[in-house]
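> Starting off with a structure, shown below.
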Amino acid sequence: TSSWQSVEEAECQRAYDLAAEVYMSAFDRSKPPEEAALREAHEEAVQKSLAAFDATAVGAGSSRQKYEKRLQNYLRKAFEDYKRDAFREAYLQCINAIQNMEKELRTSCHAPDAKIDNVVKVLDGLLSKYEASFHGPEKWRKLTVFLQQSLEGPVLDLIKKQMD
């Protein structure tokens, strides 16, 4: 019995290691940092990982259950870690993009020949680029704050200047 338990333990450890590698290589990191897309990539990678574990692990005893539970915990933690990092990176990219948009809009509003039509075109281009290029859970909130500050700041200043 103890010989079989040793074999079962060793093979389940090997299956766990293989399944962890399969998950990491199967997880599609090209997905945008949006909850639904990342969850879909995670679920696909989990299925492949569990299939690899089931194909390699031997026995049905406590060793298999222990390693299967350990694998589930590993998969959950790996996903949460990746998601946290992806969201943080997306957040930083959004902040940088918004800062650049603010500079460009301010420059457009303060140009000596500034006209509201030109500023609206610049703003429309900035919004289109931002919408197409950036992702993450903070994307729209950051854009909303940018629009509010832009309308209360440089755009309002330009309108007042043109009215005077």
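Within each chain, counting starts at residue 1; across the structure tokens, chains are named A, B, ... in the order shown, with ligands numbered 1 upward in that order.
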Would you kindly return, as a list in words, each protein, DNA or RNA residue with an atom no farther than 12 Å from any atom of segment 2-17 of chain A, considering only C-alpha atoms and excluding same-chain residues fewer than 6 positions away?

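Close residues of segment 2-17 of chain A: Tyr23, Met24, Ser49, Leu50, Ala51, Ala52, Phe53, Asp54, Ala55, Thr56, Ala57, Val58, Gly59, Ala60, Gly61, Ser62, Ser63, Arg64, Gln65, Lys66, Tyr67, Glu68, Lys69, Arg70, Leu71, Gln72, Asn73, Tyr74 and Leu75 of chain A.
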
> Which residues are near Ala90 of chain A? Cut-off 8 Å, only C-alpha atoms, ignore same chain within fewer than 2 positions. Put them as a list in words.

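That gives Pro33, Ala86, Phe87, Arg88, Leu92, Gln93, Cys94, Phe134, His135 and Gly136 of chain A.
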
> Hey, what's within 7 Å of segment 105-115 of chain A if we count only C-alpha atoms and toss same-chain stuff fewer than 5 positions away? As a PDB file with C-alpha atoms, in the first residue's frame, please?


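part_11.pdb, written as the output of this step:
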```pdb
ATOM      1  CA  VAL A 122      -9.421  67.809 -32.257  1.00  0.00           C
ATOM      2  CA  LEU A 123     -11.561  66.554 -29.373  1.00  0.00           C
ATOM      3  CA  PRO A 154      -9.939  75.057 -21.720  1.00  0.00           C
ATOM      4  CA  VAL A 155     -13.082  74.709 -23.859  1.00  0.00           C
ATOM      5  CA  LEU A 158     -12.094  79.457 -25.445  1.00  0.00           C
TER       6      LEU A 158
END
```

> Given the choices A:Glu102, A:Ser25, A:Glu40, A:Glu131, which gets closest to Gly153 of chain A if the distance is worked out from only C-alpha atoms?

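Of A:Glu102, A:Ser25, A:Glu40, A:Glu131, the one nearest Gly153 of chain A is A:Glu102, counting only C-alpha atoms.
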
> DSSP on the backbone: which residues in segment 11-162 of chain A end up as helix (DSSP H, G or I)? Give the answer as JSON, numbers by chain.

{"A": [11, 12, 13, 14, 15, 16, 17, 18, 19, 20, 21, 22, 23, 24, 25, 26, 35, 36, 37, 38, 39, 40, 41, 42, 43, 44, 45, 46, 47, 48, 49, 50, 51, 52, 53, 54, 55, 56, 62, 63, 64, 65, 66, 67, 68, 69, 70, 71, 72, 73, 74, 75, 76, 77, 78, 79, 80, 81, 82, 83, 84, 85, 86, 87, 88, 89, 90, 91, 92, 93, 94, 95, 96, 97, 98, 99, 100, 101, 102, 103, 104, 105, 106, 107, 108, 109, 110, 116, 117, 118, 119, 120, 121, 122, 123, 124, 125, 126, 127, 128, 129, 130, 131, 132, 133, 139, 140, 141, 142, 143, 144, 145, 146, 147, 148, 149, 150, 151, 152, 154, 155, 156, 157, 158, 159, 160, 161, 162]}

> Separation of atom CA of Ala37 of chain A and atom CA of Lys129 of chain A, in Å?

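Atom-to-atom, atom CA of Ala37 of chain A and atom CA of Lys129 of chain A are spaced 20.9 Å apart.
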
> Under the rule that only C-alpha atoms are counted, which of A:Val119, A:Leu126, A:Arg39, A:Ser30 is the nearest residue to Ile159 of chain A?

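That would be A:Val119, the residue with the smallest distance to Ile159 of chain A.
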
> Of the residues A:Lys48, A:Asn96, A:Tyr91, A:Ser128, which is the one nearest to Leu18 of chain A, using only C-alpha atoms?

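The answer is A:Lys48, which sits nearest to Leu18 of chain A.
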
> Work out how far atom CA of Asp28 of chain A is from atom CA of Arg141 of chain A, in Å to one decimal.

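Atom CA of Asp28 of chain A lies 26.3 Å from atom CA of Arg141 of chain A.
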